[in-house]
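*Asks:* Below: one structure in structure tokens.
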2 protein chains.
Amino acid sequence: GDGKARVERMFGFMDRFLKNDPISLQKDIMDHVEYTVARSRFSFDDFEAYQALAHSVRDRLIERWHDTQLFFKRKDPKRIYFLSLEYLMGRSLSNSVINLGIRDQYADALTQLGFEYEVLAEQEGDAALGNGGLARLSACQMDSMATLDYPAWGYGLRYQYGLFRQVILDGYQHEQPDFWLNFGNPWEIERIHVTYPVKFYGTVHEEDVNGVKTQVWVPGETVEAVAYDNPIPGYGTRNTITLRLWAAKPSDQIDMESYNTGDYINAVVNRQGAESISSVLYPDDRSHQGKELRLKQQYFFVCASLQDVIRRFKDTHDSFDEFPEKIALQLNDTHPSLATAELMRVLIDEENLGWDKAWNIVCKVFSFTTHTVAPEALEKVPVDLMASLLPRHLQIIYDINHNFIEELKKKVGLDYNRLSRLSIVEEGAVKNIRMANLAIVCSHTVDGVSKSHSELLKTRVFKDFCELWPQKFHYKTNGVTQRRWLVVSNPSLSSLISKWLGTEAWIRDMDLLAGLQEHAANTDLHEEWNKVRQVNKMRLAEYIEAMSGVKVSLNAMFDVHVKRIHEYKRQFLNLLGIIYRYDCIKNMDKKDKSKVVPRVCIIGGKAAPGYEIAKKIIKLCHAVAEKINNDPDIGDLLKLVFIPDYNVSVAELVIPGADLSQHIRSTSYCLCMLKAFHLMLLTCLNFRHIILCEFYFFFNLFIIRISIYLSVINTEIWCSTAGHEASGTGCMKFLMNGCLLLATADGSTVEIIEEIGSENMFLFGARVHEVPALRESSPLKVPLQFARVVRMVGDGYFGFQDYFASLCDKVEGGNDFYLLASDFESYLEAQAAADRAFVDQEKWTRMSILSTAGSGRFSSDRTIEEYAETTWGIEPCRCPS
Amino acid sequence: GDGKARVERMFGFMDRFLKNDPISLQKDIMDHVEYTVARSRFSFDDFEAYQALAHSVRDRLIERWHDTQLFFKRKDPKRIYFLSLEYLMGRSLSNSVINLGIRDQYADALTQLGFEYEVLAEQEGDAALGNGGLARLSACQMDSMATLDYPAWGYGLRYQYGLFRQVILDGYQHEQPDFWLNFGNPWEIERIHVTYPVKFYGTVHEEDVNGVKTQVWVPGETVEAVAYDNPIPGYGTRNTITLRLWAAKPSDQIDMESYNTGDYINAVVNRQGAESISSVLYPDDRSHQGKELRLKQQYFFVCASLQDVIRRFKDTHDSFDEFPEKIALQLNDTHPSLATAELMRVLIDEENLGWDKAWNIVCKVFSFTTHTVAPEALEKVPVDLMASLLPRHLQIIYDINHNFIEELKKKVGLDYNRLSRLSIVEEGAVKNIRMANLAIVCSHTVDGVSKSHSELLKTRVFKDFCELWPQKFHYKTNGVTQRRWLVVSNPSLSSLISKWLGTEAWIRDMDLLAGLQEHAANTDLHEEWNKVRQVNKMRLAEYIEAMSGVKVSLNAMFDVHVKRIHEYKRQFLNLLGIIYRYDCIKNMDKKDKSKVVPRVCIIGGKAAPGYEIAKKIIKLCHAVAEKINNDPDIGDLLKLVFIPDYNVSVAELVIPGADLSQHIRSTSYCLCMLKAFHLMLLTCLNFRHIILCEFYFFFNLFIIRISIYLSVINTEIWCSTAGHEASGTGCMKFLMNGCLLLATADGSTVEIIEEIGSENMFLFGARVHEVPALRESSPLKVPLQFARVVRMVGDGYFGFQDYFASLCDKVEGGNDFYLLASDFESYLEAQAAADRAFVDQEKWTRMSILSTAGSGRFSSDRTIEEYAETTWGIEPCRCPS
Ligand SMILES: Cc1ncc(COP(=O)(O)O)c(C=O)c1O
Ligand SMILES: Cc1ncc(COP(=O)(O)O)c(C=O)c1O
């Protein structure tokens, strides 16, 4: 009676939705200025206005997020839990207002208050809790899961310092910690009551519990995991899902030993050290081997996430029998693969299910996606480290392995070589746990990230496992979300697309983009298309001038190469190409010069802090740019700029403004054996003697011929590629935005070719149809030129001779692991083809339109639908509006 | 035109005040549940409701706080900056709604939502950024400065961990870090843009700047200070002032060395160590000598505060000439005394004023309040430590000292003993900086904290300085704020007072309480008074039962002894008295028992983590309680309970429920010389031989006689006391609440006697009028009893014989530094007097009323008015409503 009336009264206050008319929005923003940001009306700046704006958006996100969570709870569908150690979310404001469908209302409201939406949006810093492709993929997939109404949760770590900021001083990279939380983060909700203890170290002993021998872990250290929820709104739906990130806090359990043995102050200060577990993201985009802190991060994240998942399950279920019907756990690469052992531990040691029942559950819930291309790069954890940090888990892993090997013996016999390759435990001087093997053994499905990557898995990376369990291995080609990469970052192109398609439905259904193909030759479209592209180029040009002081011409081809700096990604090849071009122009007469297509070469990306060669590439870029940009002989014909601190926000600006983008990672188009032979031979020869270049070139051709031969045998030409890129998603973003690709045919490029045809791209490397062209060109010229440009660097033409020496060593004298020399000519040819295409603007525009039109397949919506249907077995669960 | 219209539009949204009717309050609270706490309507608990409630109060605080700050800015009055390393604020909710005058509205609003205000208020944790008296004084004074409309700022440190939580396990104290920020703090406003760099270490070298020799400090480490503002609302005024606390954050300046020399991860993790500067409060309520982290805390806080003060000054002033007219800087004890050297450094090195001009300013702005009673306890900093951490400051301190000593020589000649006592630098094996001397030399006024303390300063602590500069030394007796200690914590007594005074004006003008005197015999008042007291006792009894399981009788006298555990505060004396009482009751026949006044002895307080003897006292309390409370012979006649984790909130509950409170610190009522003689003699005698007790007692009487003699000579009887308590504020809170005091006559008790008369208290120790009573009682009994009860402890009567041995050593065999033995009889007599008074309920109630009526002088409002007028020279600046 009375109590009920009160509760109803309370609910009454919460039943209203926030209004989105301009007046309501203005009032909400100003209230947040005064009460949340706590600024007085006379003194608040753009940043504070942004904060207030963000908080008003947050309020609206929270409304939907609550409704969604409640709806999921009521419906109790099978849930997908996405475990990833990295998320590269970038900014949230623009993405949120777009997905909530209230961007224009906000823009109006702000205008009336005398603010510009775009200016305030620029105030936001990036959430950069990831390194590169893998991390941005997680972010795109979260957006798709929300948009497609899947009952999904993302789990990760709330690093206090995200990926380092790249600061360039004198052309050298310096790393600055990323203080992204220092200015508050309105996009997260601190869930102070959602905390779980996470334990480390200690010992395991055997106990007799009711006559049963039981392993009891007595941990030595406890750290608290506190949840921070980031609401992820879907587009065109009320659904707003959760990305839950864990922060490490000191545990407040009474810990007598550390407090009563001595110095209270030191004990407290040390205890605060618990926070270091989540304090910093490892800044390498490839593997991190054998670091204790890294392993702590992995376990901390996995342990807290599983406690949360199990708690949620137990809230509404009494028995674990239903667990596999209600829960799918996705391992994003091997980083979270301890989750398998941890789930076993919880089910056995805490829920007392017994091994068989527990194992049965574990095998049904996990799926694993690998992003690795080289077996050497697979993650390993030294057994000693595991024994010290997670003694009970080590036992469980040994038990899993023992059972697996025993079963295997029955199946394949005593083939010890094979057994030892398949074993989770790597024997040797230093014993290791192979995290990928653990993940594979415990997962029901293993996915690669592109068709060609899948082949690589079968033939190289997980050959033995693929033979053992062929049905376990699949692939889902990566994708990116068109919401962020078109609608948010390229609004004018988006409007144009909607106009010509006559619908905005493509924002939730990318396949509709194919509808642009029929207009690809329409001159009206061409005109509008180019206008949009020109505006985006202008925006980029302004940014370049602001960042580097270099004025660039809008008539030039904007040739962009942005991604992590890596030898295998071959920014050095690009630079050598630029030097070659520079050298050519320098030596041209006026007439020839007038035929040169002007270029603005844009390079950007971070090098891992300990990666010396990558850092030298950055310095080389600056040294070359210094020379070229100040050479009066060159003028607007060639400019080179390095864009510092490449991150998601920079990508959003750069990608729409690019004419051409490079994805020129090395694809070793010979079989491994041949490659080894080739390298061996090169080592014997002294490449510096120009005379031998001839031999080198012929040898290369010989290899190419063999590879063609092999590829013909394989019919599927890409089968034998052992590229260094599993998929690559950067190229998809450029593709969507109508930027032409200059690429090697590996990773996802293979599938892009299938969609738009190789005639709409500039391919090089092991492409069959290019071989004749290779043959036609003078066989001597290119290697000579290659040697020449490398020598220009090595001889100090751009200064810093000593500093660049080791860089040149990497490609000279038989050390050329990433095959810059062998690809150089074909690369230059592809560049020449791009020049020729650019001159024919109509052709270029058509290619550009066809790129966008053919990008439908590369939406992460498609990827997620494939995962949902074939790997996770989940259904949409759409919250009513 | 257009722009102006927009600005006005914007302001329009902010011009409304929040409404305080129940419907508006309910809507605001529920909005905060949904959007700020981000809970859905179906799942939020009392804590989350508290958070929402707190945020709605915060909004209202922020409104007034903005207006106040704006008003101060416009008026530009002389400002007082209160520098204190400790603030013991306790909870904020109840205090805020009382001061804002909207407590009842909130209570109604919550009732309508189905919540109880009191239940939600209990959810709040204490802000315990201080140890004890000094820290709570700062908090009370902030409340008074706000209420009295002074343009004041408090500055302090935002410790991540406040004073440790005391957890009792098996009767032993354990310290647990205080995670007060883990659950968010709605009472602070993070001012992310208000940050200042603070520098440490490095070197100083001489440079020639335009022909002038200049000292240049090249610091080695930079840490960022970030401001957190805590609005402090006044009562009965719109004024809401700022307590600005600094948190240490890593600096985001590019620090190439640490980042490029090696391990990025370690560099980031180490850099985060900067936060440790503000991470933990030192848990000793007396001095902290020579710890680097402590010195870092002091400088960090002082440096950031001065930068802020100077920035604010320079915003509206062009020349430093006006500085002393616009700014008063108050040093709360020696902890912030580096501010003097820092201001010199800034004025000389950064503002280029030159020494003389700078010195002239420094001498005019600083005032210093000392809380110290013993010269040995004065803070010293080893020169080596200062040289390493703050090399430039050390130079400046040397220069200040040099000038001071040179001037002194002219004045007093070459009296090297005197000069060396006055010197800021203490020579010796370890050279030290005497922080108090620095503060005195640089301040225009030095205040003690009570009349008797002031005498102590003149005769002992700062004898030389008082002789040198007699006009510099003053005192302002401490006070406490009646808003928190009556209105918030004892609302029923407050209403009663207002009813009988016919006004609430006493809440801003405590002297009005004297009006109660005329009703002190009124039986109606007596009845109402006792009813209120009984209800408060019931609340306390419930708490005791909840905390310790001990059921106590409301008819018993609640005898409370709560404060930091310290030998000089003599909780041990109290315990020995309790043991004595227990022993007496045990040996009584039934008839005598029926005459015993039942007692509930309540002890509470924290011991510093490293203070072993204090921890033994806590354990003894539990051991004795265990015995007594479970002894069926005793029943309700005597109970002993230890209240764990004494803090401001516990004090708010305990104080209104106390009948009697003890403030029985040792006052050495002999002159120092005599005391030394006395101790020497005792050391020669073996006190354990009971036979000698007789001698001991007579000797004691002899000393008392001498002290009486001396006091007669001095006319002012208290002049010669050298107590261990400078003031004591706990007693004032009890006094206000009508609790009778059992106390020694030192510190502020002396002034309480002046106000309410010794006949309304139970005094012991060196009180003249008690000597006859002492004489009448059998001279042998007491010392024998003292020895007996100490032996009961020492012989293991309460168990833990070995553990208590060293505790007994402290009072046996001539070690009795705090004079427990010599005071024991007089203490028991005072206790007996209390028993006699309690039997006469009418007398007791009258005494209680007169205690409250006489407490007017002990409002911190009076203290602050004295400071404002005579020390700071500031005027009220009242923000219009
Ligand atoms: C900041 C950032 N880094 C790295 C990547 C991955 O790029 P790629 O797949 O070209 O390596 C992306 C993709 O957009 C990105 O935004
Ligand atoms: C928590 C706390 N500690 C210490 C004190 C100081 O008490 P005293 O002056 O009795 O030492 C107070 C005063 O109220 C207090 O609240």
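We label chains A, B, ... in the order they appear in the structure tokens, count residues from 1 in each chain, and number ligands from 1 in the order shown.
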Assign secondary structure with DSSP using the backbone only, and return the residues of region 345-395 of chain A in strand (DSSP E) as a list in words.

*Replies:*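 Of region 345-395 of chain A, the ones in strand (DSSP E) are Phe366, Ser367, Phe368, Thr369, Lys380, Val381 and Pro382 of chain A.
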
*Asks:* Give me the residues within 8 Å of region 848-853 of chain B as a count of residues only, counting only C-alpha atoms and dropping any in the same chain fewer than 6 places off.

*Replies:* 15

*Asks:* Using only C-alpha atoms and all ligand atoms, which residues have at least one atom no more than 8 Å from ligand 2? Output them as a count of residues only.

*Replies:* 25

*Asks:* Do you have, as a Markdown table, the list of residues of region 58-105 of chain B lying at most 10 Å from region 322-335 of chain B, each with its nearest atom pair and that distance in Å to one decimal, counting only C-alpha atoms and ordered by chain then number?

*Replies:*
| residue | atom | partner | partner_atom | distance |
| --- | --- | --- | --- | --- |
| B:Asp76 | CA | B:Lys326 | CA | 7.9 |
| B:Pro77 | CA | B:Lys326 | CA | 6.6 |
| B:Lys78 | CA | B:Lys326 | CA | 4.0 |
| B:Arg79 | CA | B:Ile327 | CA | 5.0 |
| B:Ile80 | CA | B:Ala328 | CA | 4.7 |
| B:Tyr81 | CA | B:Leu329 | CA | 4.9 |
| B:Phe82 | CA | B:Gln330 | CA | 4.9 |
| B:Leu83 | CA | B:Leu331 | CA | 5.4 |
| B:Ser84 | CA | B:Asn332 | CA | 5.1 |
| B:Leu85 | CA | B:His335 | CA | 6.5 |
| B:Glu86 | CA | B:Asn332 | CA | 9.0 |

*Asks:* Output N, CA and C atoms for every residue in that selection, as a short mmCIF file (atom, residue, chain, number, x, y, z; two decimals), in the first residue's frame.

*Replies:*
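And here is the file that came out, part_31.cif:
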data_model
loop_
_atom_site.label_atom_id
_atom_site.label_comp_id
_atom_site.auth_asym_id
_atom_site.auth_seq_id
_atom_site.Cartn_x
_atom_site.Cartn_y
_atom_site.Cartn_z
N ASP B 76 37.62 42.22 -3.96
CA ASP B 76 39.06 42.19 -3.71
C ASP B 76 39.44 42.64 -2.29
N PRO B 77 38.89 41.96 -1.28
CA PRO B 77 39.27 42.31 0.10
C PRO B 77 40.62 41.69 0.45
N LYS B 78 41.15 42.05 1.61
CA LYS B 78 42.33 41.31 2.10
C LYS B 78 41.88 39.89 2.41
N ARG B 79 42.68 38.92 1.96
CA ARG B 79 42.29 37.52 2.10
C ARG B 79 43.17 36.81 3.12
N ILE B 80 42.57 35.85 3.79
CA ILE B 80 43.36 35.01 4.67
C ILE B 80 43.53 33.64 4.01
N TYR B 81 44.77 33.21 3.94
CA TYR B 81 45.08 31.87 3.43
C TYR B 81 45.56 31.02 4.59
N PHE B 82 44.81 30.01 4.87
CA PHE B 82 45.05 29.18 6.03
C PHE B 82 45.79 27.92 5.58
N LEU B 83 47.05 27.79 5.97
CA LEU B 83 47.84 26.65 5.52
C LEU B 83 47.92 25.60 6.62
N SER B 84 47.39 24.44 6.33
CA SER B 84 47.43 23.37 7.33
C SER B 84 47.61 22.03 6.63
N LEU B 85 48.49 21.22 7.18
CA LEU B 85 48.75 19.92 6.56
C LEU B 85 47.66 18.90 6.92
N GLU B 86 46.77 19.28 7.83
CA GLU B 86 45.75 18.32 8.26
C GLU B 86 44.40 19.00 8.44
#

*Asks:* Rounded to one decimal, what separation in Å do you get between CA of Val309 (chain A) and CA of Trp153 (chain A)?

*Replies:*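 Going from CA of Val309 (chain A) over to CA of Trp153 (chain A), I get 9.5 Å.
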
*Asks:* Per DSSP on the backbone, filter region 196-435 of chain B down to the residues in helix (DSSP H, G or I) and report them as an MDAnalysis selection string.

*Replies:* chainID B and resid 256:260 264:278 292:316 320:326 338:350 355:365 375:377 383:389 391:412 416:422 435

*Asks:* Please list as a PyMOL selection string every residue within 10 Å of Thr222 (chain B), counting only C-alpha atoms and excluding residues in the same chain fewer than 4 positions away.

*Replies:* chain B and resi 196-201+249-253+255+274

*Asks:* Taking only C-alpha atoms and all ligand atoms into account, name the residue in A:Val654, A:Ala227, A:Met145, A:Ile277 that is nearest to ligand 1.

*Replies:*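 Going through A:Val654, A:Ala227, A:Met145, A:Ile277 one by one, the smallest distance to ligand 1 is for A:Val654.
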
*Asks:* With only C-alpha atoms as the counted atoms, please give the residues lying no more than 8 Å from region 591-601 of chain A, apart from itself and same-chain residues fewer than 3 positions off, as a PyMOL selection string.

*Replies:* chain A and resi 552-553+555-561+578+585+588+636-641+835+838-839

*Asks:* One decimal, Å: what's the distance from CA of Glu275 (chain A) over to CA of Glu292 (chain B), could you say?

*Replies:*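 Atom-to-atom, CA of Glu275 (chain A) and CA of Glu292 (chain B) are spaced 23.1 Å apart.
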
*Asks:* With only C-alpha atoms as the basis for distance, which of B:Phe572, B:Ala339, B:Glu612, B:Gly549 is at the shortest distance from chain A?

*Replies:*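 Of B:Phe572, B:Ala339, B:Glu612, B:Gly549, the one nearest chain A is B:Glu612, counting only C-alpha atoms.
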
*Asks:* Could you give me, as a ChimeraX atom specification, the residues within 9 Å of region 617-633 of chain A, counting only C-alpha atoms and dropping anything in the same chain fewer than 4 positions from it?

*Replies:* /A:170-173,550,565-567,571-572,575,578-579,582,585-586,603-607,612-613,638-642,793,797-800,804,807

*Asks:* Measure the distance from CA of Phe164 (chain B) to CA of Ala135 (chain B) in Å and round it to one decimal.

*Replies:*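 According to the coordinates, CA of Phe164 (chain B) and CA of Ala135 (chain B) are separated by 14.5 Å.
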